[in-house]
Every structure is written in C-alpha cells, then in structure tokens.
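Structure file coords-v3.pdb with PDB, C-alpha atoms, pLDDT in the B column:
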```pdb
ATOM      1  CA  MET A  11      98.608 104.482 171.759  1.00 44.00           C
ATOM      2  CA  LYS A  12     100.015 101.574 169.696  1.00 40.00           C
ATOM      3  CA  LEU A  13      96.646 101.086 167.995  1.00 44.00           C
ATOM      4  CA  PHE A  14      96.392 104.818 167.281  1.00 43.00           C
ATOM      5  CA  ASN A  15      99.882 104.885 165.691  1.00 46.00           C
ATOM      6  CA  ARG A  16      99.085 101.814 163.629  1.00 47.00           C
ATOM      7  CA  LEU A  17      95.864 103.252 162.276  1.00 44.00           C
ATOM      8  CA  TYR A  18      97.448 106.660 161.698  1.00 44.00           C
ATOM      9  CA  LEU A  19     100.287 105.168 159.651  1.00 41.00           C
ATOM     10  CA  THR A  20      97.804 103.065 157.688  1.00 44.00           C
ATOM     11  CA  ALA A  21      95.787 106.146 156.807  1.00 42.00           C
ATOM     12  CA  LEU A  22      98.924 107.989 155.601  1.00 40.00           C
ATOM     13  CA  THR A  23      99.791 105.586 152.787  1.00 39.00           C
ATOM     14  CA  LEU A  24      97.744 103.298 150.584  1.00 37.00           C
ATOM     15  CA  SER A  25     100.649 100.906 150.115  1.00 41.00           C
ATOM     16  CA  SER A  26     100.434  99.815 153.733  1.00 39.00           C
ATOM     17  CA  LEU A  27      97.045  98.249 153.092  1.00 36.00           C
ATOM     18  CA  GLN A  28      98.588  95.128 151.635  1.00 40.00           C
ATOM     19  CA  ALA A  29     101.028  94.835 154.528  1.00 36.00           C
ATOM     20  CA  ALA A  30      98.459  95.213 157.285  1.00 38.00           C
ATOM     21  CA  SER A  31      96.068  92.337 156.674  1.00 39.00           C
ATOM     22  CA  ALA A  32      94.245  92.974 159.957  1.00 37.00           C
ATOM     23  CA  PHE A  33      93.036  96.233 158.469  1.00 34.00           C
ATOM     24  CA  VAL A  34      91.519  94.927 155.240  1.00 36.00           C
ATOM     25  CA  ALA A  35      87.756  95.329 155.116  1.00 37.00           C
ATOM     26  CA  ARG A  36      86.147  92.082 154.069  1.00 38.00           C
ATOM     27  CA  PRO A  37      83.164  91.529 151.788  1.00 40.00           C
ATOM     28  CA  TYR A  38      80.007  91.526 153.797  1.00 40.00           C
ATOM     29  CA  ALA A  39      77.546  88.726 154.337  1.00 42.00           C
ATOM     30  CA  PRO A  40      74.288  89.317 156.198  1.00 41.00           C
ATOM     31  CA  THR A  41      74.628  89.049 159.994  1.00 40.00           C
ATOM     32  CA  THR A  42      71.239  87.402 160.032  1.00 41.00           C
ATOM     33  CA  ALA A  43      69.842  84.368 158.253  1.00 42.00           C
ATOM     34  CA  VAL A  44      69.322  84.758 154.525  1.00 36.00           C
ATOM     35  CA  THR A  45      65.740  85.737 153.804  1.00 37.00           C
ATOM     36  CA  LEU A  46      64.070  84.133 150.815  1.00 38.00           C
ATOM     37  CA  HIS A  47      60.569  85.323 150.057  1.00 44.00           C
ATOM     38  CA  GLY A  48      58.007  82.558 149.837  1.00 49.00           C
ATOM     39  CA  LYS A  49      57.238  81.700 146.231  1.00 50.00           C
ATOM     40  CA  LYS A  50      56.160  78.835 144.024  1.00 52.00           C
ATOM     41  CA  ASP A  51      58.646  76.656 142.201  1.00 53.00           C
ATOM     42  CA  SER A  52      58.171  75.151 138.750  1.00 52.00           C
ATOM     43  CA  SER A  53      55.841  72.492 140.173  1.00 55.00           C
ATOM     44  CA  ASP A  54      53.600  75.151 141.788  1.00 60.00           C
ATOM     45  CA  GLU A  55      54.650  74.061 145.275  1.00 70.00           C
ATOM     46  CA  VAL A  56      55.188  76.851 147.809  1.00 65.00           C
ATOM     47  CA  VAL A  57      58.847  77.308 148.767  1.00 75.00           C
ATOM     48  CA  GLN A  58      59.175  78.093 152.461  1.00 75.00           C
ATOM     49  CA  GLN A  59      61.166  81.129 153.494  1.00 76.00           C
ATOM     50  CA  GLN A  60      64.378  80.329 155.352  1.00 83.00           C
ATOM     51  CA  ALA A  61      63.772  81.222 158.983  1.00 90.00           C
ATOM     52  CA  PHE A  62      65.804  82.089 162.055  1.00 94.00           C
ATOM     53  CA  SER A  63      66.289  79.196 164.464  1.00 94.00           C
ATOM     54  CA  VAL A  64      64.248  78.667 167.600  1.00 96.00           C
ATOM     55  CA  GLY A  65      66.247  80.052 170.526  1.00 96.00           C
ATOM     56  CA  SER A  66      67.834  82.864 168.530  1.00 97.00           C
ATOM     57  CA  PHE A  67      68.061  86.250 170.227  1.00 98.00           C
ATOM     58  CA  VAL A  68      66.472  88.984 168.141  1.00 97.00           C
ATOM     59  CA  GLU A  69      65.896  92.700 168.107  1.00 97.00           C
ATOM     60  CA  PHE A  70      62.553  93.375 166.454  1.00 97.00           C
ATOM     61  CA  GLU A  71      60.046  96.108 165.770  1.00 95.00           C
ATOM     62  CA  GLU A  72      56.432  95.945 166.895  1.00 93.00           C
ATOM     63  CA  LYS A  73      54.047  98.884 166.499  1.00 91.00           C
ATOM     64  CA  LYS A  74      57.017 101.211 165.929  1.00 90.00           C
ATOM     65  CA  ARG A  75      58.608 100.124 169.207  1.00 94.00           C
ATOM     66  CA  ILE A  76      61.908  98.244 169.427  1.00 94.00           C
ATOM     67  CA  HIS A  77      62.116  95.115 171.597  1.00 95.00           C
ATOM     68  CA  VAL A  78      64.573  92.285 172.210  1.00 97.00           C
ATOM     69  CA  GLY A  79      63.603  88.703 172.905  1.00 97.00           C
ATOM     70  CA  LYS A  80      64.076  85.008 172.185  1.00 97.00           C
ATOM     71  CA  ILE A  81      62.412  83.113 169.374  1.00 97.00           C
ATOM     72  CA  ASP A  82      60.154  80.535 171.006  1.00 97.00           C
ATOM     73  CA  ALA A  83      58.528  79.053 167.897  1.00 96.00           C
ATOM     74  CA  VAL A  84      58.611  79.335 164.118  1.00 95.00           C
ATOM     75  CA  GLU A  85      55.798  78.751 161.652  1.00 94.00           C
ATOM     76  CA  HIS A  86      55.255  79.307 157.954  1.00 89.00           C
ATOM     77  CA  LYS A  87      52.179  80.832 156.367  1.00 86.00           C
ATOM     78  CA  SER A  88      50.467  79.252 153.401  1.00 82.00           C
ATOM     79  CA  SER A  89      52.383  81.678 151.193  1.00 82.00           C
ATOM     80  CA  GLY A  90      55.683  80.349 152.580  1.00 82.00           C
ATOM     81  CA  GLY A  91      56.548  83.410 154.677  1.00 87.00           C
ATOM     82  CA  ALA A  92      58.022  82.853 158.146  1.00 92.00           C
ATOM     83  CA  ARG A  93      56.462  84.068 161.397  1.00 95.00           C
ATOM     84  CA  TYR A  94      57.859  83.900 164.907  1.00 96.00           C
ATOM     85  CA  ALA A  95      56.581  83.682 168.458  1.00 97.00           C
ATOM     86  CA  VAL A  96      59.042  85.780 170.465  1.00 98.00           C
ATOM     87  CA  ILE A  97      59.236  86.119 174.252  1.00 97.00           C
ATOM     88  CA  ASP A  98      60.861  89.217 175.708  1.00 94.00           C
ATOM     89  CA  SER A  99      62.705  89.662 179.009  1.00 88.00           C
ATOM     90  CA  GLU A 100      59.455  90.341 180.871  1.00 91.00           C
ATOM     91  CA  GLY A 101      57.792  87.199 179.585  1.00 93.00           C
ATOM     92  CA  ARG A 102      55.531  88.970 177.103  1.00 95.00           C
ATOM     93  CA  LYS A 103      54.833  87.059 173.911  1.00 97.00           C
ATOM     94  CA  PHE A 104      54.817  88.643 170.454  1.00 97.00           C
ATOM     95  CA  ASN A 105      53.826  87.131 167.132  1.00 97.00           C
ATOM     96  CA  ILE A 106      55.817  88.821 164.392  1.00 96.00           C
ATOM     97  CA  ALA A 107      56.566  88.450 160.708  1.00 94.00           C
ATOM     98  CA  ASP A 108      60.101  87.842 159.477  1.00 95.00           C
ATOM     99  CA  LYS A 109      60.360  91.414 158.193  1.00 94.00           C
ATOM    100  CA  ALA A 110      59.935  92.725 161.754  1.00 96.00           C
ATOM    101  CA  VAL A 111      63.289  91.207 162.785  1.00 96.00           C
ATOM    102  CA  ARG A 112      66.025  93.846 162.704  1.00 97.00           C
ATOM    103  CA  TYR A 113      68.949  91.830 164.060  1.00 97.00           C
ATOM    104  CA  SER A 114      69.596  88.318 165.318  1.00 96.00           C
ATOM    105  CA  MET A 115      72.333  86.433 167.112  1.00 96.00           C
ATOM    106  CA  ALA A 116      72.718  82.738 167.754  1.00 96.00           C
ATOM    107  CA  CYS A 117      72.037  81.412 171.239  1.00 95.00           C
ATOM    108  CA  PRO A 118      75.064  79.694 172.874  1.00 95.00           C
ATOM    109  CA  ASN A 119      74.679  75.993 173.614  1.00 94.00           C
ATOM    110  CA  SER A 120      75.608  76.407 177.279  1.00 95.00           C
ATOM    111  CA  PRO A 121      72.606  77.560 179.390  1.00 94.00           C
ATOM    112  CA  GLY A 122      74.880  79.686 181.550  1.00 96.00           C
ATOM    113  CA  GLN A 123      76.479  81.437 178.595  1.00 96.00           C
ATOM    114  CA  ALA A 124      73.086  81.823 176.937  1.00 96.00           C
ATOM    115  CA  ASN A 125      71.578  83.534 179.987  1.00 95.00           C
ATOM    116  CA  LYS A 126      74.582  85.832 180.367  1.00 96.00           C
ATOM    117  CA  LEU A 127      74.511  86.837 176.694  1.00 97.00           C
ATOM    118  CA  PHE A 128      70.769  87.484 176.769  1.00 97.00           C
ATOM    119  CA  GLU A 129      71.123  89.673 179.864  1.00 96.00           C
ATOM    120  CA  GLU A 130      73.835  91.692 178.114  1.00 96.00           C
ATOM    121  CA  PHE A 131      71.646  91.897 175.009  1.00 96.00           C
ATOM    122  CA  ILE A 132      68.820  93.388 177.082  1.00 95.00           C
ATOM    123  CA  SER A 133      71.072  95.804 178.969  1.00 95.00           C
ATOM    124  CA  VAL A 134      72.490  97.470 175.847  1.00 94.00           C
ATOM    125  CA  GLN A 135      69.297  97.656 173.810  1.00 91.00           C
ATOM    126  CA  ASP A 136      68.715 101.325 174.607  1.00 91.00           C
ATOM    127  CA  ALA A 137      72.355 102.292 175.129  1.00 94.00           C
ATOM    128  CA  PRO A 138      73.090 105.904 174.081  1.00 93.00           C
ATOM    129  CA  MET A 139      75.768 106.714 171.517  1.00 93.00           C
ATOM    130  CA  THR A 140      78.362 107.661 174.134  1.00 92.00           C
ATOM    131  CA  SER A 141      77.898 104.330 175.919  1.00 95.00           C
ATOM    132  CA  LEU A 142      78.324 102.442 172.653  1.00 96.00           C
ATOM    133  CA  GLN A 143      81.535 104.333 171.968  1.00 96.00           C
ATOM    134  CA  GLU A 144      82.877 103.605 175.444  1.00 96.00           C
ATOM    135  CA  SER A 145      81.943  99.919 175.336  1.00 96.00           C
ATOM    136  CA  LEU A 146      83.657  99.474 171.979  1.00 97.00           C
ATOM    137  CA  ASP A 147      86.518 101.905 172.695  1.00 97.00           C
ATOM    138  CA  VAL A 148      85.766 103.728 169.439  1.00 97.00           C
ATOM    139  CA  SER A 149      86.370 107.476 169.424  1.00 95.00           C
ATOM    140  CA  PRO A 150      85.184 109.848 166.666  1.00 95.00           C
ATOM    141  CA  GLU A 151      88.786 110.034 165.465  1.00 94.00           C
ATOM    142  CA  LEU A 152      89.014 106.249 165.225  1.00 95.00           C
ATOM    143  CA  LEU A 153      85.696 106.176 163.373  1.00 96.00           C
ATOM    144  CA  GLU A 154      87.058 108.679 160.868  1.00 95.00           C
ATOM    145  CA  MET A 155      90.202 106.597 160.387  1.00 95.00           C
ATOM    146  CA  ALA A 156      88.032 103.542 159.688  1.00 96.00           C
ATOM    147  CA  TRP A 157      86.226 105.571 157.032  1.00 96.00           C
ATOM    148  CA  GLU A 158      89.551 106.596 155.448  1.00 95.00           C
ATOM    149  CA  GLU A 159      90.658 102.968 155.426  1.00 94.00           C
ATOM    150  CA  ALA A 160      87.414 101.854 153.773  1.00 93.00           C
ATOM    151  CA  LYS A 161      87.764 104.542 151.095  1.00 91.00           C
ATOM    152  CA  ALA A 162      91.364 103.495 150.437  1.00 91.00           C
ATOM    153  CA  THR A 163      90.292  99.855 150.095  1.00 89.00           C
ATOM    154  CA  GLU A 164      87.548 100.905 147.683  1.00 86.00           C
ATOM    155  CA  GLU A 165      90.087 102.688 145.481  1.00 84.00           C
ATOM    156  CA  LEU A 166      92.555  99.775 145.481  1.00 84.00           C
ATOM    157  CA  GLU A 167      90.109  96.905 145.144  1.00 78.00           C
ATOM    158  CA  ASP A 168      86.349  97.199 144.699  1.00 70.00           C
ATOM    159  CA  GLN A 169      83.217  98.336 146.486  1.00 69.00           C
ATOM    160  CA  ALA A 170      82.262  94.894 147.807  1.00 64.00           C
ATOM    161  CA  HIS A 171      85.605  94.562 149.613  1.00 72.00           C
ATOM    162  CA  ALA A 172      85.298  98.074 151.064  1.00 81.00           C
ATOM    163  CA  ASP A 173      81.883  97.613 152.700  1.00 92.00           C
ATOM    164  CA  LEU A 174      82.154  97.019 156.432  1.00 95.00           C
ATOM    165  CA  THR A 175      80.150  94.558 158.493  1.00 96.00           C
ATOM    166  CA  PRO A 176      80.109  94.838 162.289  1.00 97.00           C
ATOM    167  CA  ALA A 177      82.619  91.954 162.407  1.00 97.00           C
ATOM    168  CA  SER A 178      85.030  93.481 159.879  1.00 96.00           C
ATOM    169  CA  PHE A 179      84.763  96.894 161.544  1.00 97.00           C
ATOM    170  CA  VAL A 180      85.911  95.453 164.885  1.00 97.00           C
ATOM    171  CA  GLU A 181      88.745  93.587 163.184  1.00 96.00           C
ATOM    172  CA  LEU A 182      89.711  96.764 161.346  1.00 95.00           C
ATOM    173  CA  VAL A 183      89.979  99.028 164.394  1.00 95.00           C
ATOM    174  CA  HIS A 184      90.974  96.539 167.106  1.00 96.00           C
ATOM    175  CA  ALA A 185      92.653  93.706 165.148  1.00 96.00           C
ATOM    176  CA  HIS A 186      90.733  90.884 166.819  1.00 97.00           C
ATOM    177  CA  ALA A 187      87.720  88.739 166.015  1.00 97.00           C
ATOM    178  CA  ALA A 188      84.511  90.319 167.291  1.00 97.00           C
ATOM    179  CA  SER A 189      82.394  88.657 169.956  1.00 97.00           C
ATOM    180  CA  ALA A 190      78.640  88.314 169.474  1.00 97.00           C
ATOM    181  CA  MET A 191      78.025  91.322 171.727  1.00 97.00           C
ATOM    182  CA  GLU A 192      80.692  93.435 170.013  1.00 97.00           C
ATOM    183  CA  LYS A 193      78.995  92.786 166.672  1.00 97.00           C
ATOM    184  CA  TYR A 194      75.632  93.914 168.049  1.00 98.00           C
ATOM    185  CA  LEU A 195      77.097  97.035 169.683  1.00 98.00           C
ATOM    186  CA  THR A 196      78.938  97.905 166.471  1.00 98.00           C
ATOM    187  CA  TRP A 197      75.788  97.382 164.419  1.00 98.00           C
ATOM    188  CA  LYS A 198      74.043  99.883 166.693  1.00 97.00           C
ATOM    189  CA  LEU A 199      76.945 102.355 166.772  1.00 98.00           C
ATOM    190  CA  LEU A 200      77.210 102.470 162.980  1.00 98.00           C
ATOM    191  CA  GLN A 201      73.559 103.560 162.798  1.00 97.00           C
ATOM    192  CA  THR A 202      74.018 106.580 165.068  1.00 97.00           C
ATOM    193  CA  ASP A 203      74.107 110.173 163.856  1.00 96.00           C
ATOM    194  CA  LEU A 204      77.857 110.243 164.451  1.00 96.00           C
ATOM    195  CA  ALA A 205      78.516 107.213 162.250  1.00 97.00           C
ATOM    196  CA  HIS A 206      76.146 108.529 159.587  1.00 97.00           C
ATOM    197  CA  VAL A 207      78.637 111.328 159.011  1.00 97.00           C
ATOM    198  CA  PHE A 208      80.967 108.746 157.467  1.00 98.00           C
ATOM    199  CA  PHE A 209      78.901 105.713 156.490  1.00 97.00           C
ATOM    200  CA  LYS A 210      75.580 104.843 154.895  1.00 96.00           C
ATOM    201  CA  GLU A 211      73.627 101.699 155.620  1.00 97.00           C
ATOM    202  CA  ILE A 212      73.441  98.752 153.232  1.00 96.00           C
ATOM    203  CA  LYS A 213      70.313  96.625 153.499  1.00 95.00           C
ATOM    204  CA  SER A 214      69.456  93.103 152.439  1.00 90.00           C
ATOM    205  CA  HIS A 215      65.773  92.151 152.436  1.00 84.00           C
ATOM    206  CA  GLY A 216      64.993  95.204 154.562  1.00 90.00           C
ATOM    207  CA  ARG A 217      67.627  94.536 157.232  1.00 94.00           C
ATOM    208  CA  VAL A 218      70.787  96.595 157.763  1.00 96.00           C
ATOM    209  CA  VAL A 219      73.699  94.208 157.154  1.00 95.00           C
ATOM    210  CA  ALA A 220      76.674  96.398 156.233  1.00 96.00           C
ATOM    211  CA  PHE A 221      77.978  99.937 156.000  1.00 96.00           C
ATOM    212  CA  ARG A 222      79.524 101.793 153.052  1.00 95.00           C
ATOM    213  CA  ALA A 223      81.937 104.704 153.252  1.00 95.00           C
ATOM    214  CA  LYS A 224      80.468 107.936 151.905  1.00 96.00           C
ATOM    215  CA  PRO A 225      82.280 110.097 149.328  1.00 95.00           C
ATOM    216  CA  ARG A 226      84.577 112.742 150.841  1.00 95.00           C
ATOM    217  CA  LYS A 227      82.371 115.669 149.819  1.00 96.00           C
ATOM    218  CA  ALA A 228      79.348 114.014 151.405  1.00 97.00           C
ATOM    219  CA  VAL A 229      81.335 113.481 154.611  1.00 97.00           C
ATOM    220  CA  ASP A 230      82.427 117.118 154.733  1.00 96.00           C
ATOM    221  CA  THR A 231      78.826 118.247 154.337  1.00 97.00           C
ATOM    222  CA  ALA A 232      77.504 115.751 156.899  1.00 97.00           C
ATOM    223  CA  LYS A 233      80.216 116.683 159.395  1.00 95.00           C
ATOM    224  CA  ASP A 234      79.370 120.367 159.073  1.00 95.00           C
ATOM    225  CA  MET A 235      75.681 119.666 159.642  1.00 96.00           C
ATOM    226  CA  PHE A 236      76.438 117.363 162.590  1.00 95.00           C
ATOM    227  CA  CYS A 237      78.592 119.978 164.308  1.00 94.00           C
ATOM    228  CA  ARG A 238      76.062 122.756 163.718  1.00 93.00           C
ATOM    229  CA  ASN A 239      73.582 120.821 165.849  1.00 93.00           C
ATOM    230  CA  ILE A 240      73.714 122.300 169.343  1.00 92.00           C
ATOM    231  CA  ASP A 241      73.426 118.803 170.843  1.00 91.00           C
ATOM    232  CA  ASN A 242      76.732 117.847 169.208  1.00 90.00           C
ATOM    233  CA  GLU A 243      78.765 121.006 169.796  1.00 85.00           C
ATOM    234  CA  ASP A 244      80.911 119.306 172.450  1.00 88.00           C
ATOM    235  CA  ASN A 245      81.444 116.115 170.446  1.00 91.00           C
ATOM    236  CA  ASP A 246      85.116 115.340 169.829  1.00 90.00           C
ATOM    237  CA  LEU A 247      84.434 115.036 166.102  1.00 92.00           C
ATOM    238  CA  CYS A 248      83.836 118.769 165.913  1.00 91.00           C
ATOM    239  CA  PHE A 249      87.354 119.430 167.201  1.00 82.00           C
ATOM    240  CA  VAL A 250      89.173 116.992 164.906  1.00 65.00           C
TER     241      VAL A 250
END
```

Before we go any further, please render this structure as structure tokens.
Amino acid sequence: MKLFNRLYLTALTLSSLQAASAFVARPYAPTTAVTLHGKKDSSDEVVQQQAFSVGSFVEFEEKKRIHVGKIDAVEHKSSGGARYAVIDSEGRKFNIADKAVRYSMACPNSPGQANKLFEEFISVQDAPMTSLQESLDVSPELLEMAWEEAKATEELEDQAHADLTPASFVELVHAHAASAMEKYLTWKLLQTDLAHVFFKEIKSHGRVVAFRAKPRKAVDTAKDMFCRNIDNEDNDLCFV
C-alpha cells in the first residue's frame, strides 16, 4: 500500500520527480556485452568482435526456437565475428553466432550460487505473462504508473533519461537494486503484449536493451486493441 501511494503521488505531480530520486529513470546501457562488428582497421588487420565471456548464461535463438544455456567456448571467424559453443540444461551443444544471443547474464563466481541461478534461469524461460507479473509483483496498474513516470521524465529532461532498462524499471517501481534474475524477468515482462500497450522496444545491434514509453494516443489505441482481444477481457488493465 505504501508503494502504491508513493507511485500514485508521483504520477499526480511532475515536481515530485526531483524529490523522489528512486523514481528517476536512468539512461540505458545494453544489458549484454557491447557488440562490435568485425572489420578492418587502418592497417587492414581484422578487428575481433567483443564477445560474451565463457561461463555466461544466455538466452538464444536457434532455428526459430528459444533456448537457454551456458557459453562453453568462444571463437572468432576470419572476419572477426564471434561464435559460441553453448550447452543447454540437457547437455545438448549448440554452435551459434553472436547475433543469435538474445540476452546474457554473468555467471556468479561461487559454484553453488552459479548452479542456483542457472536453475532459476531455466525454470522461468517459458514463464507466462501472469507468472512474470506475480514474480515481480507488477500489476497492470503499476505498469501504467511506470509509463506515466517515464513520460513525465521525458518531458522534464530528455528521451535518453526516460528510456527504461530492466534494472531502472525495478528501481522505479520497487525502489531497490534489481537482482540478476529480476532483470531477466523484467526484460521478459516488458516484451509481453501487456507491456507493449505502454512501451516499445529499443534495440542495440539486434538485441532488445531498453524500453521507451509510447505517446499517450498510441497507448490509448493499444489499450483498446488489447482489451478487445477475448483472451485479455479479464485482464485488470481493462478495468483500470
């Protein structure tokens, strides 16, 4: 209830943005390693693409199917592009290009923590929208308030400061630093049909790294379309 009142008061007045620093959306930086396409420098030497580290946990696409796994090895092609050998939870090995990686998270140094995090990573891979909402304690109303906050920040500052990353979204709505799993769950939640009512995806080198608040008219239209879908008729958003 305290969080709800705090967010509600924030949404009522733009002046409260400066007073509530926990609710300021921060400029985004990619949640994954920066991707530099292989190219030649002035001496005609191939510049290798920056790659994800061995041991990193990744969600990746292979033949239009989504998998999660651990990077077992990294190599670079003659053109400089990175490729990865990835092993999934069932021990299957995949050889994928860098562009196939959709999301990555660093592996903890402790073997126990690493195993626990990877098990959680696997368990939420196919989590439905309602499960994501429950895990993150984010209701449709709270999602709408986050959108209003992002729009207010955009008007007071600039677009870069208004874009939300998974980390800044969690800090915005719950006022604490996001864990690795919270960031992944938020990244997935903000790509659902519900979140698409309010936000559009921002990509860097083909990967979704941030989310931008849509204009109010676009939100009204998207909300109407969302609620007209028979699958969403009982969603709380349609009663807000």

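Atom CA of Trp157 of chain A to atom CA of Phe209 of chain A spans 7.3 Å [interatomic distance, one decimal].
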
Sphere at (53.2, 78.8, 153.9), radius 9 Å, counting only C-alpha atoms: residues as a PDB file with C-alpha atoms, in the coordinates of the input:
```pdb
ATOM      1  CA  GLY A  48      58.007  82.558 149.837  1.00 49.00           C
ATOM      2  CA  VAL A  56      55.188  76.851 147.809  1.00 65.00           C
ATOM      3  CA  VAL A  57      58.847  77.308 148.767  1.00 75.00           C
ATOM      4  CA  GLN A  58      59.175  78.093 152.461  1.00 75.00           C
ATOM      5  CA  GLN A  59      61.166  81.129 153.494  1.00 76.00           C
ATOM      6  CA  GLU A  85      55.798  78.751 161.652  1.00 94.00           C
ATOM      7  CA  HIS A  86      55.255  79.307 157.954  1.00 89.00           C
ATOM      8  CA  LYS A  87      52.179  80.832 156.367  1.00 86.00           C
ATOM      9  CA  SER A  88      50.467  79.252 153.401  1.00 82.00           C
ATOM     10  CA  SER A  89      52.383  81.678 151.193  1.00 82.00           C
ATOM     11  CA  GLY A  90      55.683  80.349 152.580  1.00 82.00           C
ATOM     12  CA  GLY A  91      56.548  83.410 154.677  1.00 87.00           C
ATOM     13  CA  ALA A  92      58.022  82.853 158.146  1.00 92.00           C
TER      14      ALA A  92
END
```

- Query: Which residues match the PyMOL selection byres ((chain A and resi 96) around 10) in the file above, as a list of chain:residue names?
  - Reply: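 Applying the expression gives A:Val64, A:Gly65, A:Ser66, A:Phe67, A:Val68, A:Phe70, A:His77, A:Val78, A:Gly79, A:Lys80, A:Ile81, A:Asp82, A:Ala83, A:Val84, A:Arg93, A:Tyr94, A:Ala95, A:Ile97, A:Asp98, A:Gly101, A:Arg102, A:Lys103, A:Phe104, A:Asn105, A:Ile106.
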
Near Lys198 of chain A, counting all atoms listed in the file, which residues have an atom at most 12 Å away, once you skip same-chain residues fewer than 2 positions from it, shown as a PDB file with C-alpha atoms, keeping the file's coordinate frame?
```
ATOM      1  CA  GLU A  69      65.896  92.700 168.107  1.00 97.00           C
ATOM      2  CA  ARG A 112      66.025  93.846 162.704  1.00 97.00           C
ATOM      3  CA  TYR A 113      68.949  91.830 164.060  1.00 97.00           C
ATOM      4  CA  PHE A 131      71.646  91.897 175.009  1.00 96.00           C
ATOM      5  CA  VAL A 134      72.490  97.470 175.847  1.00 94.00           C
ATOM      6  CA  GLN A 135      69.297  97.656 173.810  1.00 91.00           C
ATOM      7  CA  ASP A 136      68.715 101.325 174.607  1.00 91.00           C
ATOM      8  CA  ALA A 137      72.355 102.292 175.129  1.00 94.00           C
ATOM      9  CA  PRO A 138      73.090 105.904 174.081  1.00 93.00           C
ATOM     10  CA  MET A 139      75.768 106.714 171.517  1.00 93.00           C
ATOM     11  CA  THR A 140      78.362 107.661 174.134  1.00 92.00           C
ATOM     12  CA  SER A 141      77.898 104.330 175.919  1.00 95.00           C
ATOM     13  CA  LEU A 142      78.324 102.442 172.653  1.00 96.00           C
ATOM     14  CA  GLN A 143      81.535 104.333 171.968  1.00 96.00           C
ATOM     15  CA  SER A 145      81.943  99.919 175.336  1.00 96.00           C
ATOM     16  CA  LEU A 146      83.657  99.474 171.979  1.00 97.00           C
ATOM     17  CA  THR A 175      80.150  94.558 158.493  1.00 96.00           C
ATOM     18  CA  PRO A 176      80.109  94.838 162.289  1.00 97.00           C
ATOM     19  CA  MET A 191      78.025  91.322 171.727  1.00 97.00           C
ATOM     20  CA  GLU A 192      80.692  93.435 170.013  1.00 97.00           C
ATOM     21  CA  LYS A 193      78.995  92.786 166.672  1.00 97.00           C
ATOM     22  CA  TYR A 194      75.632  93.914 168.049  1.00 98.00           C
ATOM     23  CA  LEU A 195      77.097  97.035 169.683  1.00 98.00           C
ATOM     24  CA  THR A 196      78.938  97.905 166.471  1.00 98.00           C
ATOM     25  CA  LEU A 200      77.210 102.470 162.980  1.00 98.00           C
ATOM     26  CA  GLN A 201      73.559 103.560 162.798  1.00 97.00           C
ATOM     27  CA  THR A 202      74.018 106.580 165.068  1.00 97.00           C
ATOM     28  CA  ASP A 203      74.107 110.173 163.856  1.00 96.00           C
ATOM     29  CA  LEU A 204      77.857 110.243 164.451  1.00 96.00           C
ATOM     30  CA  ALA A 205      78.516 107.213 162.250  1.00 97.00           C
ATOM     31  CA  HIS A 206      76.146 108.529 159.587  1.00 97.00           C
ATOM     32  CA  GLU A 211      73.627 101.699 155.620  1.00 97.00           C
ATOM     33  CA  VAL A 218      70.787  96.595 157.763  1.00 96.00           C
ATOM     34  CA  VAL A 219      73.699  94.208 157.154  1.00 95.00           C
ATOM     35  CA  ALA A 220      76.674  96.398 156.233  1.00 96.00           C
ATOM     36  CA  PHE A 221      77.978  99.937 156.000  1.00 96.00           C
TER      37      PHE A 221
END
```

- Task: Would you write out, as a PyMOL selection string, every residue that the PyMOL selection byres ((chain A and resi 233) around 12) captures in this file?
- Result: chain A and resi 150+154+203-209+224+226-232+234-239+242-243+245-250

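You will find atom CA of Asp168 of chain A at 12.2 Å from atom CA of Ala223 of chain A.
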
- Take atom CA of Ser178 of chain A and atom CA of Asp244 of chain A and report the distance between them in Å, one decimal.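 For atom CA of Ser178 of chain A relative to atom CA of Asp244 of chain A, the distance reads 29.0 Å.
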
Box dimensions and centre (Å, one decimal) enclosing segment 144-156 of chain A, axis-aligned, 5 Å extra per side, as AutoDock Vina command-line options:
```
--center_x 86.1 --center_y 104.8 --center_z 167.6 --size_x 18.3 --size_y 20.6 --size_z 25.8
```

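The nearest approach to Glu181 of chain A among the residues A:Glu71, A:Arg222, A:Glu151, A:Ala156, with all atoms listed in the file taken into account, belongs to A:Ala156.
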